[in-house]
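What's in query09.txt: compact mmCIF, N, CA and C atoms
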# COMPACT_ATOMS: atom_id res chain seq x y z
N MET A 1 3.21 75.63 -64.35
CA MET A 1 2.69 75.43 -63.01
C MET A 1 3.68 74.55 -62.24
N PRO A 2 4.14 74.99 -61.08
CA PRO A 2 5.10 74.20 -60.30
C PRO A 2 4.50 72.86 -59.84
N ALA A 3 5.35 71.88 -59.73
CA ALA A 3 4.89 70.53 -59.36
C ALA A 3 4.17 70.52 -58.02
N ASP A 4 4.63 71.31 -57.07
CA ASP A 4 4.01 71.29 -55.74
C ASP A 4 2.63 71.94 -55.71
N GLU A 5 2.21 72.55 -56.81
CA GLU A 5 0.87 73.12 -56.91
C GLU A 5 -0.09 72.24 -57.71
N ARG A 6 0.40 71.15 -58.25
CA ARG A 6 -0.41 70.29 -59.11
C ARG A 6 -1.16 69.26 -58.27
N LEU A 7 -2.44 69.46 -58.16
CA LEU A 7 -3.28 68.54 -57.37
C LEU A 7 -3.38 67.16 -58.00
N GLY A 8 -3.21 67.09 -59.31
CA GLY A 8 -3.28 65.80 -59.99
C GLY A 8 -2.29 64.79 -59.42
N LEU A 9 -1.11 65.28 -59.00
CA LEU A 9 -0.12 64.37 -58.41
C LEU A 9 -0.61 63.79 -57.09
N ASP A 10 -1.27 64.61 -56.28
CA ASP A 10 -1.81 64.14 -55.00
C ASP A 10 -2.94 63.13 -55.22
N ILE A 11 -3.79 63.43 -56.19
CA ILE A 11 -4.89 62.51 -56.51
C ILE A 11 -4.32 61.19 -57.01
N LYS A 12 -3.31 61.25 -57.86
CA LYS A 12 -2.69 60.03 -58.40
C LYS A 12 -2.03 59.22 -57.29
N ARG A 13 -1.35 59.87 -56.35
CA ARG A 13 -0.74 59.15 -55.22
C ARG A 13 -1.79 58.42 -54.40
N ALA A 14 -2.89 59.10 -54.13
CA ALA A 14 -3.97 58.48 -53.35
C ALA A 14 -4.56 57.30 -54.11
N GLU A 15 -4.76 57.48 -55.43
CA GLU A 15 -5.29 56.37 -56.24
C GLU A 15 -4.34 55.18 -56.22
N GLN A 16 -3.05 55.43 -56.40
CA GLN A 16 -2.08 54.34 -56.42
C GLN A 16 -2.02 53.63 -55.07
N ALA A 17 -2.09 54.39 -53.98
CA ALA A 17 -2.10 53.78 -52.65
C ALA A 17 -3.34 52.91 -52.45
N LEU A 18 -4.49 53.41 -52.90
CA LEU A 18 -5.73 52.67 -52.79
C LEU A 18 -5.67 51.37 -53.59
N ILE A 19 -5.23 51.45 -54.84
CA ILE A 19 -5.19 50.26 -55.69
C ILE A 19 -4.20 49.25 -55.12
N ALA A 20 -3.04 49.69 -54.65
CA ALA A 20 -2.05 48.77 -54.08
C ALA A 20 -2.60 48.07 -52.83
N ALA A 21 -3.28 48.83 -51.99
CA ALA A 21 -3.86 48.25 -50.77
C ALA A 21 -4.99 47.28 -51.12
N LYS A 22 -5.84 47.66 -52.07
CA LYS A 22 -6.93 46.76 -52.47
C LYS A 22 -6.37 45.50 -53.12
N GLN A 23 -5.31 45.64 -53.94
CA GLN A 23 -4.71 44.46 -54.57
C GLN A 23 -4.20 43.50 -53.50
N ALA A 24 -3.52 44.03 -52.50
CA ALA A 24 -3.02 43.19 -51.41
C ALA A 24 -4.18 42.54 -50.65
N ALA A 25 -5.29 43.26 -50.53
CA ALA A 25 -6.45 42.75 -49.80
C ALA A 25 -7.14 41.61 -50.54
N VAL A 26 -7.28 41.73 -51.86
CA VAL A 26 -8.07 40.73 -52.61
C VAL A 26 -7.21 39.58 -53.16
N ARG A 27 -5.89 39.75 -53.18
CA ARG A 27 -5.00 38.71 -53.71
C ARG A 27 -5.19 37.34 -53.03
N PRO A 28 -5.33 37.28 -51.69
CA PRO A 28 -5.52 35.96 -51.06
C PRO A 28 -6.77 35.22 -51.55
N ALA A 29 -7.75 35.94 -52.05
CA ALA A 29 -8.96 35.31 -52.60
C ALA A 29 -8.75 34.92 -54.07
N GLY A 30 -7.55 35.18 -54.59
CA GLY A 30 -7.24 34.83 -55.97
C GLY A 30 -7.78 35.81 -57.00
N LEU A 31 -8.02 37.04 -56.58
CA LEU A 31 -8.60 38.05 -57.48
C LEU A 31 -7.65 39.21 -57.71
N THR A 32 -7.86 39.89 -58.83
CA THR A 32 -7.26 41.19 -59.08
C THR A 32 -8.29 42.24 -58.70
N VAL A 33 -7.87 43.49 -58.63
CA VAL A 33 -8.82 44.57 -58.30
C VAL A 33 -9.93 44.67 -59.36
N PRO A 34 -9.61 44.60 -60.66
CA PRO A 34 -10.71 44.65 -61.64
C PRO A 34 -11.68 43.46 -61.50
N GLN A 35 -11.17 42.29 -61.19
CA GLN A 35 -12.04 41.12 -60.99
C GLN A 35 -12.91 41.31 -59.76
N TYR A 36 -12.32 41.81 -58.68
CA TYR A 36 -13.06 42.09 -57.46
C TYR A 36 -14.16 43.12 -57.72
N ALA A 37 -13.81 44.21 -58.41
CA ALA A 37 -14.79 45.25 -58.71
C ALA A 37 -15.94 44.69 -59.54
N THR A 38 -15.61 43.80 -60.46
CA THR A 38 -16.64 43.19 -61.30
C THR A 38 -17.58 42.31 -60.47
N LEU A 39 -17.01 41.47 -59.62
CA LEU A 39 -17.85 40.62 -58.77
C LEU A 39 -18.71 41.45 -57.83
N LEU A 40 -18.14 42.52 -57.28
CA LEU A 40 -18.89 43.41 -56.38
C LEU A 40 -20.06 44.06 -57.13
N ALA A 41 -19.79 44.52 -58.35
CA ALA A 41 -20.86 45.12 -59.15
C ALA A 41 -21.93 44.10 -59.50
N LEU A 42 -21.52 42.88 -59.81
CA LEU A 42 -22.48 41.83 -60.14
C LEU A 42 -23.36 41.46 -58.95
N ALA A 43 -22.80 41.52 -57.77
CA ALA A 43 -23.58 41.18 -56.57
C ALA A 43 -24.77 42.12 -56.42
N GLY A 44 -24.58 43.38 -56.81
CA GLY A 44 -25.66 44.35 -56.71
C GLY A 44 -26.48 44.51 -57.97
N ASN A 45 -26.04 43.87 -59.07
CA ASN A 45 -26.72 44.01 -60.36
C ASN A 45 -26.79 42.68 -61.09
N PRO A 46 -27.44 41.67 -60.51
CA PRO A 46 -27.46 40.37 -61.20
C PRO A 46 -28.15 40.48 -62.56
N GLY A 47 -27.55 39.83 -63.56
CA GLY A 47 -28.13 39.84 -64.89
C GLY A 47 -27.66 40.98 -65.76
N ILE A 48 -26.80 41.83 -65.26
CA ILE A 48 -26.31 42.99 -66.01
C ILE A 48 -25.51 42.53 -67.23
N SER A 49 -25.54 43.31 -68.29
CA SER A 49 -24.78 42.97 -69.50
C SER A 49 -23.32 43.36 -69.32
N GLY A 50 -22.47 42.82 -70.16
CA GLY A 50 -21.05 43.15 -70.12
C GLY A 50 -20.79 44.62 -70.38
N ALA A 51 -21.52 45.20 -71.33
CA ALA A 51 -21.34 46.62 -71.65
C ALA A 51 -21.72 47.50 -70.46
N ALA A 52 -22.85 47.19 -69.83
CA ALA A 52 -23.27 47.96 -68.66
C ALA A 52 -22.30 47.77 -67.50
N LEU A 53 -21.81 46.55 -67.35
CA LEU A 53 -20.84 46.26 -66.30
C LEU A 53 -19.55 47.05 -66.52
N ALA A 54 -19.11 47.18 -67.75
CA ALA A 54 -17.92 47.97 -68.07
C ALA A 54 -18.13 49.41 -67.63
N ARG A 55 -19.32 49.97 -67.89
CA ARG A 55 -19.60 51.35 -67.47
C ARG A 55 -19.58 51.48 -65.95
N VAL A 56 -20.17 50.53 -65.25
CA VAL A 56 -20.21 50.57 -63.79
C VAL A 56 -18.80 50.48 -63.21
N CYS A 57 -17.96 49.65 -63.81
CA CYS A 57 -16.60 49.41 -63.31
C CYS A 57 -15.57 50.39 -63.87
N LEU A 58 -16.01 51.30 -64.72
CA LEU A 58 -15.15 52.34 -65.29
C LEU A 58 -13.99 51.77 -66.10
N VAL A 59 -14.29 50.76 -66.91
CA VAL A 59 -13.30 50.19 -67.82
C VAL A 59 -13.90 50.13 -69.22
N THR A 60 -13.06 49.86 -70.20
CA THR A 60 -13.56 49.74 -71.57
C THR A 60 -14.30 48.42 -71.73
N PRO A 61 -15.20 48.34 -72.69
CA PRO A 61 -15.87 47.06 -72.96
C PRO A 61 -14.87 45.96 -73.29
N GLN A 62 -13.78 46.30 -73.99
CA GLN A 62 -12.77 45.30 -74.32
C GLN A 62 -12.09 44.75 -73.06
N ALA A 63 -11.76 45.64 -72.13
CA ALA A 63 -11.15 45.19 -70.87
C ALA A 63 -12.12 44.32 -70.08
N MET A 64 -13.40 44.71 -70.07
CA MET A 64 -14.39 43.92 -69.35
C MET A 64 -14.55 42.54 -69.96
N THR A 65 -14.46 42.44 -71.27
CA THR A 65 -14.56 41.14 -71.94
C THR A 65 -13.48 40.19 -71.42
N VAL A 66 -12.27 40.70 -71.25
CA VAL A 66 -11.16 39.89 -70.74
C VAL A 66 -11.42 39.47 -69.30
N VAL A 67 -11.86 40.42 -68.47
CA VAL A 67 -12.16 40.11 -67.06
C VAL A 67 -13.25 39.05 -66.97
N LEU A 68 -14.32 39.23 -67.74
CA LEU A 68 -15.44 38.27 -67.70
C LEU A 68 -15.01 36.89 -68.18
N LYS A 69 -14.19 36.84 -69.21
CA LYS A 69 -13.69 35.55 -69.72
C LYS A 69 -12.92 34.81 -68.62
N ASN A 70 -12.04 35.53 -67.93
CA ASN A 70 -11.26 34.91 -66.85
C ASN A 70 -12.15 34.46 -65.70
N LEU A 71 -13.11 35.27 -65.32
CA LEU A 71 -14.01 34.89 -64.22
C LEU A 71 -14.89 33.70 -64.60
N GLU A 72 -15.33 33.67 -65.85
CA GLU A 72 -16.16 32.56 -66.31
C GLU A 72 -15.35 31.26 -66.35
N GLU A 73 -14.12 31.34 -66.83
CA GLU A 73 -13.25 30.15 -66.89
C GLU A 73 -12.99 29.59 -65.49
N ARG A 74 -12.98 30.44 -64.50
CA ARG A 74 -12.75 30.00 -63.11
C ARG A 74 -14.04 29.58 -62.41
N GLY A 75 -15.17 29.70 -63.10
CA GLY A 75 -16.44 29.29 -62.52
C GLY A 75 -17.01 30.27 -61.51
N LEU A 76 -16.57 31.53 -61.57
CA LEU A 76 -17.04 32.52 -60.62
C LEU A 76 -18.28 33.27 -61.10
N ILE A 77 -18.49 33.24 -62.41
CA ILE A 77 -19.69 33.84 -63.00
C ILE A 77 -20.26 32.88 -64.03
N GLU A 78 -21.52 33.12 -64.38
CA GLU A 78 -22.13 32.40 -65.49
C GLU A 78 -22.83 33.43 -66.37
N ARG A 79 -22.82 33.16 -67.66
CA ARG A 79 -23.43 34.07 -68.62
C ARG A 79 -24.45 33.31 -69.44
N SER A 80 -25.58 33.95 -69.70
CA SER A 80 -26.63 33.32 -70.49
C SER A 80 -27.34 34.38 -71.31
N PRO A 81 -27.90 33.98 -72.45
CA PRO A 81 -28.59 34.95 -73.30
C PRO A 81 -29.80 35.56 -72.58
N HIS A 82 -29.99 36.84 -72.80
CA HIS A 82 -31.15 37.55 -72.27
C HIS A 82 -32.40 36.92 -72.90
N PRO A 83 -33.50 36.77 -72.13
CA PRO A 83 -34.70 36.13 -72.67
C PRO A 83 -35.29 36.79 -73.91
N TRP A 84 -35.18 38.14 -74.00
CA TRP A 84 -35.78 38.84 -75.15
C TRP A 84 -34.73 39.32 -76.14
N HIS A 85 -33.56 39.69 -75.65
CA HIS A 85 -32.49 40.20 -76.51
C HIS A 85 -31.40 39.14 -76.57
N ARG A 86 -31.57 38.17 -77.43
CA ARG A 86 -30.70 37.00 -77.46
C ARG A 86 -29.23 37.33 -77.71
N SER A 87 -28.92 38.50 -78.29
CA SER A 87 -27.52 38.85 -78.52
C SER A 87 -26.86 39.44 -77.28
N VAL A 88 -27.65 39.75 -76.25
CA VAL A 88 -27.13 40.29 -75.00
C VAL A 88 -26.96 39.15 -74.00
N LEU A 89 -25.77 39.06 -73.42
CA LEU A 89 -25.52 38.04 -72.40
C LEU A 89 -25.72 38.63 -71.02
N GLU A 90 -26.55 37.98 -70.22
CA GLU A 90 -26.71 38.38 -68.82
C GLU A 90 -25.62 37.68 -68.02
N THR A 91 -25.11 38.37 -67.03
CA THR A 91 -24.02 37.83 -66.21
C THR A 91 -24.46 37.76 -64.76
N ARG A 92 -24.18 36.62 -64.13
CA ARG A 92 -24.54 36.42 -62.73
C ARG A 92 -23.40 35.74 -61.99
N LEU A 93 -23.33 36.00 -60.69
CA LEU A 93 -22.37 35.29 -59.84
C LEU A 93 -22.80 33.84 -59.67
N THR A 94 -21.84 32.94 -59.62
CA THR A 94 -22.13 31.56 -59.21
C THR A 94 -21.98 31.52 -57.68
N GLU A 95 -22.31 30.40 -57.09
CA GLU A 95 -22.10 30.26 -55.64
C GLU A 95 -20.62 30.40 -55.31
N THR A 96 -19.77 29.82 -56.15
CA THR A 96 -18.32 29.94 -55.94
C THR A 96 -17.90 31.40 -56.07
N GLY A 97 -18.47 32.10 -57.03
CA GLY A 97 -18.18 33.52 -57.20
C GLY A 97 -18.61 34.34 -56.00
N ARG A 98 -19.78 34.02 -55.47
CA ARG A 98 -20.27 34.74 -54.29
C ARG A 98 -19.36 34.49 -53.09
N ALA A 99 -18.92 33.26 -52.91
CA ALA A 99 -18.03 32.93 -51.79
C ALA A 99 -16.67 33.62 -51.96
N THR A 100 -16.18 33.65 -53.18
CA THR A 100 -14.91 34.32 -53.45
C THR A 100 -15.02 35.81 -53.19
N LEU A 101 -16.12 36.41 -53.63
CA LEU A 101 -16.35 37.83 -53.38
C LEU A 101 -16.41 38.10 -51.88
N GLU A 102 -17.12 37.28 -51.14
CA GLU A 102 -17.22 37.49 -49.69
C GLU A 102 -15.86 37.43 -49.02
N ALA A 103 -15.02 36.48 -49.44
CA ALA A 103 -13.68 36.36 -48.87
C ALA A 103 -12.84 37.60 -49.20
N ALA A 104 -12.92 38.06 -50.44
CA ALA A 104 -12.15 39.24 -50.85
C ALA A 104 -12.69 40.50 -50.17
N ASP A 105 -14.00 40.63 -50.11
CA ASP A 105 -14.61 41.84 -49.57
C ASP A 105 -14.37 41.97 -48.07
N GLU A 106 -14.26 40.85 -47.39
CA GLU A 106 -13.98 40.89 -45.95
C GLU A 106 -12.67 41.63 -45.69
N ARG A 107 -11.71 41.46 -46.58
CA ARG A 107 -10.42 42.14 -46.45
C ARG A 107 -10.44 43.53 -47.07
N ALA A 108 -11.08 43.68 -48.22
CA ALA A 108 -11.09 44.97 -48.92
C ALA A 108 -11.86 46.03 -48.14
N VAL A 109 -12.89 45.62 -47.44
CA VAL A 109 -13.69 46.59 -46.69
C VAL A 109 -12.87 47.19 -45.54
N VAL A 110 -11.83 46.51 -45.11
CA VAL A 110 -10.95 47.07 -44.08
C VAL A 110 -10.32 48.37 -44.59
N ILE A 111 -9.94 48.37 -45.86
CA ILE A 111 -9.35 49.57 -46.47
C ILE A 111 -10.39 50.69 -46.50
N GLU A 112 -11.60 50.36 -46.95
CA GLU A 112 -12.66 51.37 -47.02
C GLU A 112 -12.99 51.93 -45.64
N ARG A 113 -13.02 51.06 -44.64
CA ARG A 113 -13.33 51.54 -43.28
C ARG A 113 -12.22 52.43 -42.75
N ALA A 114 -10.96 52.11 -43.08
CA ALA A 114 -9.84 52.94 -42.64
C ALA A 114 -9.93 54.33 -43.26
N ILE A 115 -10.28 54.40 -44.54
CA ILE A 115 -10.44 55.70 -45.19
C ILE A 115 -11.58 56.47 -44.52
N ALA A 116 -12.71 55.81 -44.35
CA ALA A 116 -13.89 56.48 -43.76
C ALA A 116 -13.60 56.97 -42.34
N ALA A 117 -12.81 56.21 -41.59
CA ALA A 117 -12.53 56.56 -40.20
C ALA A 117 -11.67 57.83 -40.09
N GLU A 118 -10.98 58.19 -41.15
CA GLU A 118 -10.14 59.39 -41.13
C GLU A 118 -10.95 60.67 -41.22
N PHE A 119 -12.22 60.56 -41.60
CA PHE A 119 -13.03 61.74 -41.86
C PHE A 119 -14.36 61.65 -41.12
N SER A 120 -14.87 62.80 -40.74
CA SER A 120 -16.23 62.84 -40.19
C SER A 120 -17.20 62.66 -41.35
N ALA A 121 -18.47 62.44 -41.03
CA ALA A 121 -19.49 62.30 -42.06
C ALA A 121 -19.53 63.56 -42.93
N GLU A 122 -19.43 64.71 -42.32
CA GLU A 122 -19.45 65.97 -43.07
C GLU A 122 -18.21 66.09 -43.96
N GLU A 123 -17.05 65.69 -43.45
CA GLU A 123 -15.83 65.73 -44.26
C GLU A 123 -15.91 64.77 -45.45
N ARG A 124 -16.50 63.59 -45.24
CA ARG A 124 -16.67 62.64 -46.36
C ARG A 124 -17.57 63.24 -47.43
N LYS A 125 -18.64 63.90 -46.99
CA LYS A 125 -19.55 64.55 -47.94
C LYS A 125 -18.81 65.65 -48.71
N THR A 126 -18.02 66.43 -47.99
CA THR A 126 -17.24 67.51 -48.61
C THR A 126 -16.22 66.93 -49.59
N LEU A 127 -15.52 65.88 -49.18
CA LEU A 127 -14.52 65.26 -50.05
C LEU A 127 -15.17 64.74 -51.34
N ARG A 128 -16.31 64.10 -51.21
CA ARG A 128 -17.01 63.63 -52.42
C ARG A 128 -17.36 64.80 -53.34
N GLY A 129 -17.80 65.88 -52.75
CA GLY A 129 -18.13 67.06 -53.54
C GLY A 129 -16.90 67.65 -54.22
N LEU A 130 -15.80 67.70 -53.51
CA LEU A 130 -14.56 68.23 -54.08
C LEU A 130 -14.05 67.33 -55.21
N LEU A 131 -14.13 66.03 -55.01
CA LEU A 131 -13.70 65.10 -56.07
C LEU A 131 -14.60 65.21 -57.29
N ALA A 132 -15.89 65.41 -57.07
CA ALA A 132 -16.81 65.59 -58.20
C ALA A 132 -16.45 66.87 -58.96
N ARG A 133 -16.08 67.92 -58.23
CA ARG A 133 -15.65 69.15 -58.90
C ARG A 133 -14.37 68.91 -59.68
N CYS A 134 -13.46 68.11 -59.14
CA CYS A 134 -12.23 67.76 -59.88
C CYS A 134 -12.60 67.06 -61.18
N ASN A 135 -13.50 66.09 -61.10
CA ASN A 135 -13.93 65.38 -62.31
C ASN A 135 -14.52 66.33 -63.33
N ASP A 136 -15.35 67.26 -62.87
CA ASP A 136 -15.96 68.23 -63.77
C ASP A 136 -14.90 69.12 -64.41
N ALA A 137 -13.94 69.58 -63.62
CA ALA A 137 -12.89 70.45 -64.14
C ALA A 137 -12.03 69.71 -65.16
N ILE A 138 -11.72 68.46 -64.89
CA ILE A 138 -10.94 67.65 -65.82
C ILE A 138 -11.70 67.49 -67.13
N ALA A 139 -12.98 67.18 -67.04
CA ALA A 139 -13.80 67.01 -68.25
C ALA A 139 -13.86 68.30 -69.06
N ARG A 140 -14.03 69.44 -68.38
CA ARG A 140 -14.07 70.73 -69.10
C ARG A 140 -12.73 71.01 -69.78
N ALA A 141 -11.64 70.79 -69.06
CA ALA A 141 -10.32 71.06 -69.62
C ALA A 141 -10.03 70.13 -70.80
N ALA A 142 -10.38 68.86 -70.65
CA ALA A 142 -10.13 67.90 -71.73
C ALA A 142 -10.95 68.23 -72.97
N SER A 143 -12.18 68.70 -72.77
CA SER A 143 -13.01 69.03 -73.93
C SER A 143 -12.53 70.29 -74.65
N ALA A 144 -11.79 71.13 -73.94
CA ALA A 144 -11.28 72.36 -74.53
C ALA A 144 -9.97 72.15 -75.29
N LEU A 145 -9.38 70.97 -75.18
CA LEU A 145 -8.10 70.70 -75.86
C LEU A 145 -8.27 70.55 -77.35
Could the structure of this file be written out as structure tokens, please?
Amino acid sequence: MPADERLGLDIKRAEQALIAAKQAAVRPAGLTVPQYATLLALAGNPGISGAALARVCLVTPQAMTVVLKNLEERGLIERSPHPWHRSVLETRLTETGRATLEAADERAVVIERAIAAEFSAEERKTLRGLLARCNDAIARAASAL
């Protein structure tokens, strides 16, 4: 298949551009993109476990453990045993974590708004559908290997 017909390259370019822009956006708040994504997920899911957080953030549990350790050492999150499942640690934002997230998100949302502004509501819906089809096709192809 010729390179100019491979959609994966276009998807990868868009992903790299997004990650680079988000990194530049959240860096002044002292965060990396994975740390920002974790804090954003925690804001909407207080008390979530590390394993569930890894699934939400699309990273491995091992990678999430490293992110959580760094955030906890900086005082941006706090972890405590679940009341019934003592081996499960619940994770929550601290006030400092919430303030850091707000500072980072104020800049990161500029990127999201710029992307959204390029498309009509119908085009955004279509794009989401097309990307979901890409994910499905990738999963089917990978399972057939």
For this session: Rounded to one decimal place, report the CA of Arg79 (chain A)-atom N of Thr91 (chain A) distance in Å.
Result: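 Spanning CA of Arg79 (chain A) to atom N of Thr91 (chain A) is a straight-line distance of 4.9 Å.
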Problem set entry | Residue nearest Leu93 (chain A) among A:Pro28, A:Pro81, A:Pro46, A:Ala63 (counting all atoms listed in the file) |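 Among the listed residues, the smallest separation from Leu93 (chain A) belongs to A:Pro46.
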Problem set entry | Residues flagged strand (DSSP E or B) by DSSP in region 66-133 of chain A, as number ranges by chain | A: 77-81, 89-93
For this session: Select, from A:Ser120, A:Thr100, A:Gln16, A:Ser49, the residue with the minimum atom-to-atom distance to Gly30 (chain A), counting only N, CA and C atoms.
Result: A:Thr100
Within 8 Å of Ala25 (chain A), counting only C-alpha atoms, which residues show up once you throw out same-chain ones fewer than 6 positions away? Write them as an mmCIF file with N, CA and C atoms, keeping the file's coordinate frame, please.
data_model
loop_
_atom_site.group_PDB
_atom_site.id
_atom_site.type_symbol
_atom_site.label_atom_id
_atom_site.label_comp_id
_atom_site.auth_asym_id
_atom_site.auth_seq_id
_atom_site.Cartn_x
_atom_site.Cartn_y
_atom_site.Cartn_z
ATOM 1 N N ALA A 104 -12.920 38.060 -50.440
ATOM 2 C CA ALA A 104 -12.150 39.240 -50.850
ATOM 3 C C ALA A 104 -12.690 40.500 -50.170
ATOM 4 N N ARG A 107 -11.710 41.460 -46.580
ATOM 5 C CA ARG A 107 -10.420 42.140 -46.450
ATOM 6 C C ARG A 107 -10.440 43.530 -47.070
ATOM 7 N N ALA A 108 -11.080 43.680 -48.220
ATOM 8 C CA ALA A 108 -11.090 44.970 -48.920
ATOM 9 C C ALA A 108 -11.860 46.030 -48.140
#
Exercise. Quick one: distance from atom C of Ala114 (chain A) to atom C of Val26 (chain A) in Å, one decimal?
Worked result: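 The value is 18.0 Å.
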For this session: Name the closest residue to Ser80 (chain A) among the candidates A:Arg92, A:Glu106, A:Gly8, A:Leu131; distances are taken between atoms, counting all atoms listed in the file.
Result: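 Among the listed residues, A:Arg92 lies closest to Ser80 (chain A).
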Exercise. Taking the backbone alone, and naming residues the way the document does, which bits of region 46-96 of chain A are alpha helix (DSSP H) by DSSP, as a ChimeraX atom specification?
Worked result: /A:50-57,61-73,95-96
For the selection just defined, write its residues with N, CA and C atoms to a file, as a CSV table (one decimal), in the coordinates of the input.
chain,number,residue,atom,x,y,z
A,50,GLY,N,-22.5,42.8,-70.2
A,50,GLY,CA,-21.0,43.2,-70.1
A,50,GLY,C,-20.8,44.6,-70.4
A,51,ALA,N,-21.5,45.2,-71.3
A,51,ALA,CA,-21.3,46.6,-71.6
A,51,ALA,C,-21.7,47.5,-70.5
A,52,ALA,N,-22.8,47.2,-69.8
A,52,ALA,CA,-23.3,48.0,-68.7
A,52,ALA,C,-22.3,47.8,-67.5
A,53,LEU,N,-21.8,46.6,-67.4
A,53,LEU,CA,-20.8,46.3,-66.3
A,53,LEU,C,-19.6,47.0,-66.5
A,54,ALA,N,-19.1,47.2,-67.8
A,54,ALA,CA,-17.9,48.0,-68.1
A,54,ALA,C,-18.1,49.4,-67.6
A,55,ARG,N,-19.3,50.0,-67.9
A,55,ARG,CA,-19.6,51.4,-67.5
A,55,ARG,C,-19.6,51.5,-66.0
A,56,VAL,N,-20.2,50.5,-65.2
A,56,VAL,CA,-20.2,50.6,-63.8
A,56,VAL,C,-18.8,50.5,-63.2
A,57,CYS,N,-18.0,49.6,-63.8
A,57,CYS,CA,-16.6,49.4,-63.3
A,57,CYS,C,-15.6,50.4,-63.9
A,61,PRO,N,-15.2,48.3,-72.7
A,61,PRO,CA,-15.9,47.1,-73.0
A,61,PRO,C,-14.9,46.0,-73.3
A,62,GLN,N,-13.8,46.3,-74.0
A,62,GLN,CA,-12.8,45.3,-74.3
A,62,GLN,C,-12.1,44.8,-73.1
A,63,ALA,N,-11.8,45.6,-72.1
A,63,ALA,CA,-11.2,45.2,-70.9
A,63,ALA,C,-12.1,44.3,-70.1
A,64,MET,N,-13.4,44.7,-70.1
A,64,MET,CA,-14.4,43.9,-69.4
A,64,MET,C,-14.6,42.5,-70.0
A,65,THR,N,-14.5,42.4,-71.3
A,65,THR,CA,-14.6,41.1,-71.9
A,65,THR,C,-13.5,40.2,-71.4
A,66,VAL,N,-12.3,40.7,-71.2
A,66,VAL,CA,-11.2,39.9,-70.7
A,66,VAL,C,-11.4,39.5,-69.3
A,67,VAL,N,-11.9,40.4,-68.5
A,67,VAL,CA,-12.2,40.1,-67.1
A,67,VAL,C,-13.2,39.0,-67.0
A,68,LEU,N,-14.3,39.2,-67.7
A,68,LEU,CA,-15.4,38.3,-67.7
A,68,LEU,C,-15.0,36.9,-68.2
A,69,LYS,N,-14.2,36.8,-69.2
A,69,LYS,CA,-13.7,35.6,-69.7
A,69,LYS,C,-12.9,34.8,-68.6
A,70,ASN,N,-12.0,35.5,-67.9
A,70,ASN,CA,-11.3,34.9,-66.8
A,70,ASN,C,-12.2,34.5,-65.7
A,71,LEU,N,-13.1,35.3,-65.3
A,71,LEU,CA,-14.0,34.9,-64.2
A,71,LEU,C,-14.9,33.7,-64.6
A,72,GLU,N,-15.3,33.7,-65.8
A,72,GLU,CA,-16.2,32.6,-66.3
A,72,GLU,C,-15.4,31.3,-66.4
A,73,GLU,N,-14.1,31.3,-66.8
A,73,GLU,CA,-13.2,30.2,-66.9
A,73,GLU,C,-13.0,29.6,-65.5
A,95,GLU,N,-22.3,30.4,-57.1
A,95,GLU,CA,-22.1,30.3,-55.6
A,95,GLU,C,-20.6,30.4,-55.3
A,96,THR,N,-19.8,29.8,-56.2
A,96,THR,CA,-18.3,29.9,-55.9
A,96,THR,C,-17.9,31.4,-56.1
Kindly write C-alpha atoms of region 93-126 of chain A from the structure just given to a file, as a short mmCIF file (atom, residue, chain, number, x, y, z; two decimals), in the first residue's frame.
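In the end it all went to result-v9.cif:
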data_model
loop_
_atom_site.label_atom_id
_atom_site.label_comp_id
_atom_site.auth_asym_id
_atom_site.auth_seq_id
_atom_site.Cartn_x
_atom_site.Cartn_y
_atom_site.Cartn_z
CA LEU A 93 -7.63 15.84 44.05
CA THR A 94 -6.26 18.07 46.79
CA GLU A 95 -7.03 21.78 46.74
CA THR A 96 -3.57 22.34 45.27
CA GLY A 97 -4.33 19.69 42.66
CA ARG A 98 -7.61 21.35 41.77
CA ALA A 99 -5.92 24.75 41.40
CA THR A 100 -3.17 23.23 39.26
CA LEU A 101 -5.74 21.51 37.07
CA GLU A 102 -7.68 24.75 36.63
CA ALA A 103 -4.52 26.60 35.58
CA ALA A 104 -3.58 23.87 33.10
CA ASP A 105 -7.11 23.43 31.76
CA GLU A 106 -7.51 27.14 31.13
CA ARG A 107 -4.75 26.80 28.53
CA ALA A 108 -5.50 23.26 27.30
CA VAL A 109 -9.12 24.05 26.54
CA VAL A 110 -7.89 26.63 24.02
CA ILE A 111 -6.60 23.72 21.94
CA GLU A 112 -9.90 21.86 22.24
CA ARG A 113 -11.88 24.96 21.27
CA ALA A 114 -9.64 25.54 18.24
CA ILE A 115 -10.27 21.98 17.05
CA ALA A 116 -14.03 22.29 17.65
CA ALA A 117 -14.17 25.62 15.82
CA GLU A 118 -12.84 24.00 12.64
CA PHE A 119 -15.94 21.81 12.34
CA SER A 120 -19.68 22.24 12.47
CA ALA A 121 -21.60 20.23 15.07
CA GLU A 122 -22.57 17.75 12.36
CA GLU A 123 -18.95 17.45 11.17
CA ARG A 124 -17.77 16.80 14.75
CA LYS A 125 -20.38 14.06 15.07
CA THR A 126 -19.27 12.59 11.73
#
